[in-house]
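Everything below belongs to model-v3.cif, which stores mmCIF, C-alpha atoms and all ligand atoms.
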data_start
loop_
_atom_site.label_atom_id
_atom_site.label_comp_id
_atom_site.auth_asym_id
_atom_site.auth_seq_id
_atom_site.Cartn_x
_atom_site.Cartn_y
_atom_site.Cartn_z
CA MET A 281 11.81 11.74 -32.67
CA SER A 282 8.86 12.60 -30.41
CA LYS A 283 9.37 14.51 -27.18
CA PRO A 284 9.71 12.30 -24.06
CA VAL A 285 6.75 12.08 -21.70
CA TYR A 286 7.37 13.39 -18.18
CA ILE A 287 4.75 12.79 -15.50
CA LEU A 288 5.02 14.41 -12.09
CA GLY A 289 3.26 12.36 -9.38
CA ILE A 290 2.06 13.91 -6.12
CA GLU A 291 0.99 11.78 -3.15
CA SER A 292 -0.42 13.24 0.07
CA SER A 293 -3.20 10.86 1.11
CA CYS A 294 -2.03 10.13 4.65
CA ASP A 295 1.20 11.04 6.46
CA ASP A 296 3.83 10.91 3.70
CA THR A 297 4.37 13.84 1.35
CA SER A 298 5.87 12.46 -1.82
CA ALA A 299 6.65 13.61 -5.36
CA ALA A 300 8.12 11.60 -8.21
CA VAL A 301 8.81 11.88 -11.93
CA VAL A 302 8.46 9.07 -14.45
CA THR A 303 9.19 9.19 -18.16
CA ASP A 304 8.32 6.88 -21.09
CA GLU A 305 7.50 3.24 -20.15
CA ALA A 306 7.07 4.47 -16.53
CA LEU A 307 10.84 4.67 -16.11
CA LEU A 308 11.46 6.28 -12.72
CA LEU A 309 13.59 9.43 -12.70
CA SER A 310 13.04 10.53 -9.10
CA ASN A 311 11.00 9.66 -6.01
CA VAL A 312 11.18 11.92 -2.96
CA ILE A 313 9.36 11.11 0.29
CA ALA A 314 9.06 13.26 3.41
CA SER A 315 7.67 11.19 6.28
CA GLN A 316 6.06 12.80 9.31
CA ALA A 317 7.56 11.78 12.66
CA VAL A 318 5.14 14.12 14.47
CA HIS A 319 2.50 11.34 14.82
CA GLU A 320 4.68 8.84 16.71
CA GLU A 321 3.97 10.26 20.14
CA TYR A 322 0.18 10.07 19.54
CA GLY A 323 0.11 6.38 18.62
CA GLY A 324 -1.54 7.05 15.25
CA VAL A 325 -1.87 9.63 12.48
CA VAL A 326 -3.43 12.91 13.66
CA PRO A 327 -5.24 14.28 10.56
CA GLU A 328 -4.83 17.99 11.38
CA LEU A 329 -1.11 17.60 12.04
CA ALA A 330 -0.73 15.60 8.83
CA SER A 331 -2.34 18.40 6.76
CA ARG A 332 -0.07 21.01 8.34
CA ALA A 333 3.04 18.96 7.66
CA HIS A 334 1.97 18.41 4.02
CA GLN A 335 1.65 22.19 3.62
CA GLN A 336 5.22 22.61 4.81
CA ASN A 337 6.65 19.72 2.80
CA ILE A 338 4.93 19.94 -0.55
CA VAL A 339 6.97 22.73 -2.17
CA PRO A 340 10.45 21.43 -1.22
CA VAL A 341 9.46 17.83 -2.02
CA VAL A 342 8.17 18.67 -5.51
CA ASP A 343 11.15 20.92 -6.12
CA ALA A 344 13.57 18.12 -5.16
CA ALA A 345 11.73 15.58 -7.36
CA ILE A 346 11.98 17.87 -10.40
CA LYS A 347 15.66 18.63 -9.76
CA ARG A 348 16.61 14.98 -9.16
CA ALA A 349 14.82 14.01 -12.38
CA GLY A 350 17.08 16.50 -14.19
CA ILE A 351 14.17 18.29 -15.87
CA ASN A 352 12.43 21.67 -15.66
CA LEU A 353 8.81 22.20 -14.66
CA SER A 354 8.14 23.35 -18.23
CA ASP A 355 9.08 19.86 -19.51
CA LEU A 356 6.14 18.20 -17.71
CA SER A 357 3.55 16.45 -19.87
CA ALA A 358 1.06 16.05 -17.00
CA ILE A 359 0.67 16.28 -13.23
CA ALA A 360 -0.76 13.17 -11.59
CA TYR A 361 -2.11 13.53 -8.07
CA THR A 362 -3.78 11.25 -5.53
CA ARG A 363 -7.44 12.25 -5.41
CA GLY A 364 -8.43 9.63 -2.81
CA PRO A 365 -9.07 7.64 -0.75
CA GLY A 366 -7.32 9.10 2.28
CA LEU A 367 -7.53 11.87 4.85
CA LEU A 368 -9.46 14.75 3.34
CA GLY A 369 -7.27 17.54 4.70
CA SER A 370 -4.12 15.77 3.51
CA LEU A 371 -5.59 15.10 0.08
CA LEU A 372 -6.65 18.74 -0.22
CA VAL A 373 -3.04 19.88 0.08
CA GLY A 374 -1.85 17.68 -2.82
CA THR A 375 -4.94 18.31 -4.94
CA SER A 376 -4.82 22.10 -4.52
CA PHE A 377 -1.10 22.16 -5.21
CA ALA A 378 -1.56 20.06 -8.36
CA LYS A 379 -4.33 22.39 -9.57
CA GLY A 380 -2.25 25.51 -8.98
CA LEU A 381 0.78 24.06 -10.72
CA SER A 382 -1.33 22.78 -13.60
CA LEU A 383 -2.92 26.20 -14.11
CA GLY A 384 0.42 27.99 -13.86
CA LEU A 385 2.15 25.66 -16.31
CA ARG A 386 -0.89 25.11 -18.56
CA CYS A 387 -0.20 21.43 -18.17
CA PRO A 388 -2.97 18.80 -17.88
CA MET A 389 -3.78 17.00 -14.62
CA VAL A 390 -4.53 13.33 -14.08
CA ASP A 391 -6.30 12.15 -10.93
CA VAL A 392 -5.21 8.85 -9.42
CA ASN A 393 -7.01 6.47 -7.09
CA HIS A 394 -4.45 5.71 -4.38
CA LEU A 395 -5.36 2.00 -4.43
CA HIS A 396 -4.83 1.81 -8.21
CA GLY A 397 -1.40 3.27 -7.46
CA HIS A 398 -0.57 0.39 -5.08
CA VAL A 399 -1.80 -2.17 -7.63
CA LEU A 400 0.20 -0.56 -10.46
CA ALA A 401 3.36 -0.09 -8.37
CA HIS A 402 4.72 -3.15 -10.19
CA PHE A 403 4.97 -1.13 -13.39
CA ILE A 404 7.46 1.33 -11.88
CA ARG A 405 10.71 0.62 -13.70
CA ARG A 406 14.10 1.56 -12.40
CA ASP A 407 15.57 0.07 -15.53
CA ALA A 408 14.06 -0.50 -18.99
CA ALA A 409 14.76 -4.25 -18.56
CA ASP A 410 12.71 -4.54 -15.32
CA ARG A 411 10.06 -7.27 -15.37
CA VAL A 412 6.38 -6.20 -15.15
CA PRO A 413 3.35 -8.45 -14.51
CA PRO A 414 1.59 -10.03 -17.49
CA PHE A 415 -2.18 -9.37 -17.69
CA PRO A 416 -4.31 -10.70 -16.20
CA TYR A 417 -2.72 -11.00 -12.79
CA ILE A 418 -3.97 -11.05 -9.21
CA CYS A 419 -2.83 -8.39 -6.78
CA LEU A 420 -3.12 -9.03 -3.07
CA LEU A 421 -3.62 -5.49 -1.81
CA VAL A 422 -2.95 -5.40 1.92
CA SER A 423 -2.56 -2.20 3.91
CA GLY A 424 -3.67 -0.47 7.07
CA GLY A 425 -7.08 0.29 5.57
CA ASN A 426 -7.61 -2.42 2.95
CA SER A 427 -7.31 -6.14 2.35
CA GLN A 428 -8.44 -6.99 -1.15
CA ILE A 429 -7.87 -9.59 -3.84
CA VAL A 430 -7.90 -7.67 -7.12
CA LEU A 431 -8.02 -9.21 -10.59
CA VAL A 432 -6.08 -6.83 -12.84
CA ARG A 433 -6.93 -7.22 -16.54
CA SER A 434 -5.24 -3.99 -17.65
CA PRO A 435 -4.11 -0.72 -16.00
CA ARG A 436 -7.72 0.48 -16.42
CA ASP A 437 -9.66 -2.72 -15.82
CA MET A 438 -9.58 -4.06 -12.26
CA GLU A 439 -12.12 -6.18 -10.40
CA ILE A 440 -12.24 -6.79 -6.66
CA LEU A 441 -12.77 -10.51 -6.16
CA GLY A 442 -12.63 -10.36 -2.37
CA ARG A 443 -12.25 -7.84 0.43
CA THR A 444 -12.27 -7.74 4.18
CA ILE A 445 -15.67 -7.69 5.79
CA ASP A 446 -14.29 -6.05 8.96
CA ASP A 447 -10.65 -5.12 9.77
CA ALA A 448 -7.78 -4.89 7.31
CA ALA A 449 -4.69 -7.09 7.72
CA GLY A 450 -2.62 -4.03 8.72
CA GLU A 451 -5.16 -3.17 11.40
CA ALA A 452 -4.84 -6.71 12.81
CA PHE A 453 -1.06 -6.29 12.98
CA ASP A 454 -1.30 -2.82 14.52
CA LYS A 455 -4.04 -3.52 17.06
CA CYS A 456 -2.48 -6.77 18.30
CA ALA A 457 0.88 -4.98 18.54
CA LYS A 458 -0.79 -2.23 20.56
CA VAL A 459 -2.15 -4.64 23.18
CA MET A 460 1.37 -6.07 23.46
CA GLY A 461 2.56 -2.54 24.24
CA LEU A 462 4.50 -2.06 20.98
CA PRO A 463 4.73 1.39 19.34
CA TYR A 464 2.55 2.50 16.42
CA PRO A 465 2.48 1.32 13.70
CA GLY A 466 3.01 -2.13 15.16
CA GLY A 467 3.24 -4.12 11.91
CA PRO A 468 7.00 -3.63 11.39
CA HIS A 469 7.66 -4.41 15.09
CA ILE A 470 5.74 -7.69 14.86
CA ASP A 471 7.72 -8.52 11.71
CA ARG A 472 11.03 -7.91 13.48
CA LEU A 473 10.06 -9.89 16.61
CA ALA A 474 8.56 -12.74 14.56
CA ALA A 475 11.98 -13.50 13.08
CA GLU A 476 13.10 -14.75 16.52
CA GLY A 477 9.93 -16.54 17.62
CA ASP A 478 8.17 -19.88 17.22
CA PRO A 479 5.22 -19.50 14.79
CA LYS A 480 3.58 -22.67 16.17
CA LYS A 481 3.68 -21.75 19.86
CA PHE A 482 0.19 -20.15 19.97
CA ARG A 483 -2.96 -20.90 17.97
CA PHE A 484 -5.42 -18.14 17.20
CA ALA A 485 -8.90 -18.21 15.65
CA ARG A 486 -9.18 -18.32 11.86
CA PRO A 487 -12.23 -17.02 9.99
CA ARG A 488 -14.69 -19.34 8.29
CA ILE A 489 -16.28 -17.27 5.57
CA ASP A 490 -17.19 -18.21 2.01
CA GLY A 491 -15.75 -16.90 -1.20
CA PHE A 492 -12.67 -14.73 -1.44
CA ASP A 493 -13.52 -12.34 1.39
CA TYR A 494 -11.36 -11.81 4.46
CA SER A 495 -12.09 -11.23 8.13
CA PHE A 496 -9.57 -10.36 10.83
CA SER A 497 -11.74 -9.28 13.76
CA GLY A 498 -12.02 -12.83 15.24
CA LEU A 499 -8.25 -13.21 15.18
CA LYS A 500 -7.86 -9.93 17.02
CA THR A 501 -10.27 -11.03 19.77
CA SER A 502 -8.62 -14.43 20.05
CA PHE A 503 -5.19 -12.76 20.36
CA LEU A 504 -6.54 -10.50 23.11
CA TYR A 505 -8.00 -13.48 25.02
CA THR A 506 -4.68 -15.34 24.80
CA LEU A 507 -2.94 -12.37 26.43
CA ARG A 508 -5.68 -12.00 29.05
CA ASP A 509 -5.52 -15.70 30.00
CA GLY A 510 -1.71 -15.76 30.00
CA LEU A 511 -1.53 -12.68 32.24
CA LYS A 512 -3.84 -14.32 34.80
CA THR A 513 -1.13 -16.84 35.72
CA ASP A 514 1.99 -14.91 34.75
CA PRO A 515 2.23 -11.09 34.98
CA ASP A 516 5.28 -11.25 32.70
CA PHE A 517 3.46 -13.34 30.09
CA ILE A 518 3.78 -10.77 27.28
CA THR A 519 7.44 -9.96 27.88
CA ALA A 520 8.36 -13.63 28.27
CA ASN A 521 6.54 -14.63 25.05
CA LYS A 522 6.94 -11.52 22.87
CA ALA A 523 8.72 -13.18 19.98
CA ASP A 524 6.53 -16.32 19.99
CA LEU A 525 3.34 -14.24 20.15
CA ALA A 526 4.54 -12.10 17.22
CA ALA A 527 5.64 -15.12 15.19
CA SER A 528 2.35 -16.97 15.81
CA LEU A 529 0.29 -13.88 14.98
CA GLN A 530 2.22 -13.23 11.78
CA ALA A 531 1.95 -16.88 10.71
CA THR A 532 -1.84 -16.80 11.28
CA ILE A 533 -2.29 -13.60 9.25
CA VAL A 534 -0.14 -15.02 6.45
CA ASP A 535 -2.17 -18.27 6.44
CA ILE A 536 -5.46 -16.37 6.26
CA LEU A 537 -4.17 -14.21 3.39
CA LEU A 538 -2.73 -17.14 1.45
CA ASP A 539 -5.80 -19.36 1.83
CA LYS A 540 -8.07 -16.95 -0.08
CA LEU A 541 -5.32 -16.01 -2.49
CA ALA A 542 -4.89 -19.69 -3.41
CA ARG A 543 -8.61 -20.03 -4.06
CA ALA A 544 -8.66 -16.92 -6.26
CA VAL A 545 -5.63 -18.07 -8.27
CA LYS A 546 -7.27 -21.45 -8.82
CA ALA A 547 -10.59 -19.95 -9.84
CA THR A 548 -9.11 -17.43 -12.30
CA GLY A 549 -6.18 -19.46 -13.65
CA VAL A 550 -3.90 -16.39 -13.62
CA LYS A 551 -0.21 -16.95 -14.25
CA ALA A 552 1.08 -14.14 -12.03
CA VAL A 553 0.52 -12.86 -8.50
CA ALA A 554 1.60 -9.48 -7.13
CA ILE A 555 1.39 -7.95 -3.67
CA GLY A 556 0.97 -4.30 -2.76
CA GLY A 557 0.23 -1.96 0.16
CA GLY A 558 2.03 -1.48 3.47
CA VAL A 559 1.61 -5.08 4.68
CA ALA A 560 3.38 -6.26 1.50
CA ALA A 561 6.54 -5.13 3.32
CA ASN A 562 6.04 -7.99 5.80
CA SER A 563 8.73 -10.66 5.58
CA GLY A 564 6.29 -13.51 6.23
CA VAL A 565 3.87 -12.32 3.52
CA ARG A 566 6.70 -11.81 1.00
CA GLU A 567 8.21 -15.24 1.63
CA ALA A 568 4.87 -17.05 1.60
CA VAL A 569 3.75 -15.46 -1.69
CA ALA A 570 7.13 -16.20 -3.31
CA ASP A 571 6.93 -19.86 -2.17
CA PHE A 572 3.29 -20.13 -3.21
CA CYS A 573 4.11 -18.95 -6.74
CA ALA A 574 7.25 -21.08 -7.03
CA ALA A 575 5.27 -24.20 -6.06
CA ARG A 576 2.77 -23.51 -8.85
CA SER A 577 5.26 -22.27 -11.46
CA ILE A 578 3.58 -18.89 -11.68
CA GLU A 579 5.32 -15.53 -11.57
CA ALA A 580 5.57 -13.63 -8.28
CA PHE A 581 5.87 -9.85 -8.17
CA ILE A 582 7.16 -8.71 -4.79
CA PRO A 583 7.79 -4.96 -4.82
CA GLU A 584 10.76 -3.17 -3.30
CA ARG A 585 9.78 -2.25 0.27
CA LEU A 586 10.00 1.43 -0.70
CA PHE A 587 7.11 0.93 -3.13
CA THR A 588 4.83 -0.93 -0.69
CA THR A 589 4.20 2.08 1.53
CA ASP A 590 2.87 5.41 0.27
CA ASN A 591 5.00 6.89 -2.50
CA ALA A 592 4.50 9.15 -5.49
CA ALA A 593 6.33 6.84 -7.91
CA MET A 594 3.22 4.65 -8.01
CA VAL A 595 1.00 7.71 -8.47
CA ALA A 596 3.13 8.97 -11.37
CA THR A 597 3.05 5.46 -12.88
CA ALA A 598 -0.74 5.09 -12.59
CA GLY A 599 -0.98 8.65 -13.97
CA TYR A 600 1.29 7.71 -16.88
CA PHE A 601 -1.24 5.08 -18.06
CA LYS A 602 -4.12 7.55 -17.78
CA TYR A 603 -2.05 10.14 -19.64
CA LEU A 604 -1.57 7.67 -22.51
CA ASP A 605 -5.38 7.39 -22.67
CA ARG A 606 -5.69 11.19 -22.53
CA ASP A 607 -7.90 10.74 -19.45
CA PHE A 608 -7.38 14.12 -17.83
CA SER A 609 -8.82 15.49 -14.61
CA PRO A 610 -11.04 18.61 -14.67
CA TYR A 611 -10.36 21.50 -12.27
CA SER A 612 -13.73 20.77 -10.70
CA ALA A 613 -12.43 17.40 -9.40
CA THR A 614 -12.46 17.33 -5.60
CA PRO A 615 -10.70 14.83 -3.32
CA TYR A 616 -12.63 11.89 -1.91
CA ALA A 617 -11.98 10.30 1.48
CA ARG A 618 -13.43 6.87 0.71
CA VAL A 619 -13.68 4.60 -2.31
CA SER A 620 -12.52 1.15 -3.26
CA VAL A 621 -10.46 0.08 -6.31
O1 LIG B 701 -0.29 1.15 2.77
P1 LIG B 701 0.05 1.77 4.07
O2 LIG B 701 1.36 2.49 4.18
O3 LIG B 701 -1.05 2.79 4.53
C1 LIG B 701 -2.32 2.53 5.03
O4 LIG B 701 -3.17 1.93 4.35
O5 LIG B 701 -2.52 2.94 6.21
O6 LIG B 701 0.03 0.59 5.16
C2 LIG B 701 0.33 0.79 6.49
C3 LIG B 701 0.16 -0.54 7.19
C4 LIG B 701 0.23 -0.43 8.71
O7 LIG B 701 -0.83 -1.18 9.24
C5 LIG B 701 1.58 -1.04 9.05
O8 LIG B 701 1.64 -1.63 10.32
C6 LIG B 701 1.69 -2.08 7.97
O9 LIG B 701 1.22 -1.43 6.81
N1 LIG B 701 3.08 -2.54 7.78
C7 LIG B 701 3.49 -3.77 8.11
C8 LIG B 701 4.88 -3.81 7.83
N2 LIG B 701 5.25 -2.60 7.33
C9 LIG B 701 4.14 -1.83 7.31
N3 LIG B 701 2.81 -4.81 8.60
C10 LIG B 701 3.51 -5.94 8.85
N4 LIG B 701 4.84 -6.05 8.61
C11 LIG B 701 5.55 -5.02 8.11
N5 LIG B 701 6.86 -5.16 7.87
#
Starting from the file, lay out its structure as structure tokens.
Ligand code: KG4
Amino acid sequence: MSKPVYILGIESSCDDTSAAVVTDEALLLSNVIASQAVHEEYGGVVPELASRAHQQNIVPVVDAAIKRAGINLSDLSAIAYTRGPGLLGSLLVGTSFAKGLSLGLRCPMVDVNHLHGHVLAHFIRRDAADRVPPFPYICLLVSGGNSQIVLVRSPRDMEILGRTIDDAAGEAFDKCAKVMGLPYPGGPHIDRLAAEGDPKKFRFARPRIDGFDYSFSGLKTSFLYTLRDGLKTDPDFITANKADLAASLQATIVDILLDKLARAVKATGVKAVAIGGGVAANSGVREAVADFCAARSIEAFIPERLFTTDNAAMVATAGYFKYLDRDFSPYSATPYARVSV
């Protein structure tokens, strides 16, 4: 019997330090995440503070992931790390740690594109019987920095069919939430408020652009104007309409996302749709994609909320596929702040 594969994943692209271990078939053995509360009071992630917190967290987080997986460091087959995109200082912590560990253990490294990780999060298995998407499938990748429609032909063959030409869906959630006076990041607050509001109370602008591309900047402006006009006649306009504003905003974002998704599904004829990235945690997006797929008798892959935000389980999983291809990372590999899928 051949030795089991053990891949350690390390994720440090933004403000979560995470380490995970997967074994054969991307079966998850551990996934440890240390989030950084330090940014809350600044209304956004402060890159320097994020790097410092990663430095403090990385050793205990990796240690806990190895222990929870019930293995020793010497059992590792490879170390997968997020090389980019993300905050450079944050990425440097994970990359340098991976290099040091790899040299010390004489164990190969695999570099992972963070966005590939989000797309491949659906291959993380908690149980050998877990369903995974059939190729080809479409992944709606929606986060704070990206909104993309990705055609996934294999773990190594992905094509971006559409992307945002301005803001990402997460930015639209966060910026509109900010003007309503909600804390950062606003997306989850909008989600919570939307559950109690009327999604048809307010109408906001929708983009008119061709193809599969997205745009959210017009919606943002239209949301701002609605608040400005409402406040002219009623100083309590926001407080009095909080839930309805949130519900109407969420419904508009969901409609915009689903419109292009529907076109891409029709054009490609795929039989499965997956969602990934932070905004995939949104209740409206999850429900709409599930309904969309059910109405067309295609498979929907809605990830556990834990795997929508940044986590090392997806990095270890993406790394597992690269490991199978023996696609290792040289020590000369440096992190990159920007790149698409
Ligand atoms: O993928 P992610 O963790 O990292 C970035 O790309 O930054 O996504 C973060 C984004 C933020 O914009 C956040 O507001 C949004 O995901 N988000 C949500 C929800 N949970 C997180 N947006 C709407 N509803 C949610 N429940």
>> Need to verify the contact set: stretch 573-590 of chain A, 6 Å, all atoms listed in the file, exclusion of same-chain residues closer than 5 positions in sequence. Can you return it as a PyMOL selection string?
In response: chain A and resi 551-558+560-561
> How would you write, as a PyMOL selection string, the set of residues no farther than 7 Å from ligand LIG 701 (chain B) when counting all atoms listed in the file?
Replying inline: chain A and resi 423-426+450-451+453-454+465-468+470-471+557-563+588-590
May I have the residues from that selection written out with C-alpha atoms, as a PDB file, keeping the file's coordinate frame?
ATOM      1  CA  SER A 423      -2.560  -2.200   3.910  1.00  0.00           C
ATOM      2  CA  GLY A 424      -3.670  -0.470   7.070  1.00  0.00           C
ATOM      3  CA  GLY A 425      -7.080   0.290   5.570  1.00  0.00           C
ATOM      4  CA  ASN A 426      -7.610  -2.420   2.950  1.00  0.00           C
ATOM      5  CA  GLY A 450      -2.620  -4.030   8.720  1.00  0.00           C
ATOM      6  CA  GLU A 451      -5.160  -3.170  11.400  1.00  0.00           C
ATOM      7  CA  PHE A 453      -1.060  -6.290  12.980  1.00  0.00           C
ATOM      8  CA  ASP A 454      -1.300  -2.820  14.520  1.00  0.00           C
ATOM      9  CA  PRO A 465       2.480   1.320  13.700  1.00  0.00           C
ATOM     10  CA  GLY A 466       3.010  -2.130  15.160  1.00  0.00           C
ATOM     11  CA  GLY A 467       3.240  -4.120  11.910  1.00  0.00           C
ATOM     12  CA  PRO A 468       7.000  -3.630  11.390  1.00  0.00           C
ATOM     13  CA  ILE A 470       5.740  -7.690  14.860  1.00  0.00           C
ATOM     14  CA  ASP A 471       7.720  -8.520  11.710  1.00  0.00           C
ATOM     15  CA  GLY A 557       0.230  -1.960   0.160  1.00  0.00           C
ATOM     16  CA  GLY A 558       2.030  -1.480   3.470  1.00  0.00           C
ATOM     17  CA  VAL A 559       1.610  -5.080   4.680  1.00  0.00           C
ATOM     18  CA  ALA A 560       3.380  -6.260   1.500  1.00  0.00           C
ATOM     19  CA  ALA A 561       6.540  -5.130   3.320  1.00  0.00           C
ATOM     20  CA  ASN A 562       6.040  -7.990   5.800  1.00  0.00           C
ATOM     21  CA  SER A 563       8.730 -10.660   5.580  1.00  0.00           C
ATOM     22  CA  THR A 588       4.830  -0.930  -0.690  1.00  0.00           C
ATOM     23  CA  THR A 589       4.200   2.080   1.530  1.00  0.00           C
ATOM     24  CA  ASP A 590       2.870   5.410   0.270  1.00  0.00           C
TER      25      ASP A 590
END
> Which of these residues is nearest to A:His469, using only C-alpha atoms: A:Thr375, A:Thr597, A:Asn591, A:Gln530?
Replying inline: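 Closest residue, counting only C-alpha atoms: A:Gln530.
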> Could you pull the residues within 12 Å of A:Lys379, counting all atoms listed in the file, minus those fewer than 5 positions along the same chain, as a PyMOL selection string?
Replying inline: chain A and resi 290+358-363+372-374+384-391+609-615
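Distance-wise, atom CA of A:Leu288 and atom CA of A:Asp437 end up 22.9 Å apart.
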> Pick the closest to A:Ser495 from A:Met594, A:Ile536, A:Val422, A:Leu395: which is it, counting all atoms listed in the file?
Replying inline: A:Ile536
> So, counting all atoms listed in the file, which residue among A:Ile418, A:Ala345, A:Ala475, A:Leu383 is closest to A:Leu400?
Replying inline: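 Distance minimum relative to A:Leu400 lands on A:Ile418.
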> Taking into account only C-alpha atoms, which residue in the set A:Ala449, A:Ala596, A:Ala568, A:Val399 is nearest to A:Pro435?
Replying inline: A:Val399
>> What does the structure give for the distance between atom CA of A:Val432 and atom CA of A:Ser292, in Å to one decimal?
In response: 24.5 Å
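Each of A:Leu329, A:Val339, A:Leu371, A:Val312 was compared to A:Arg618 using only C-alpha atoms, and A:Leu371 turns out to be the nearest.
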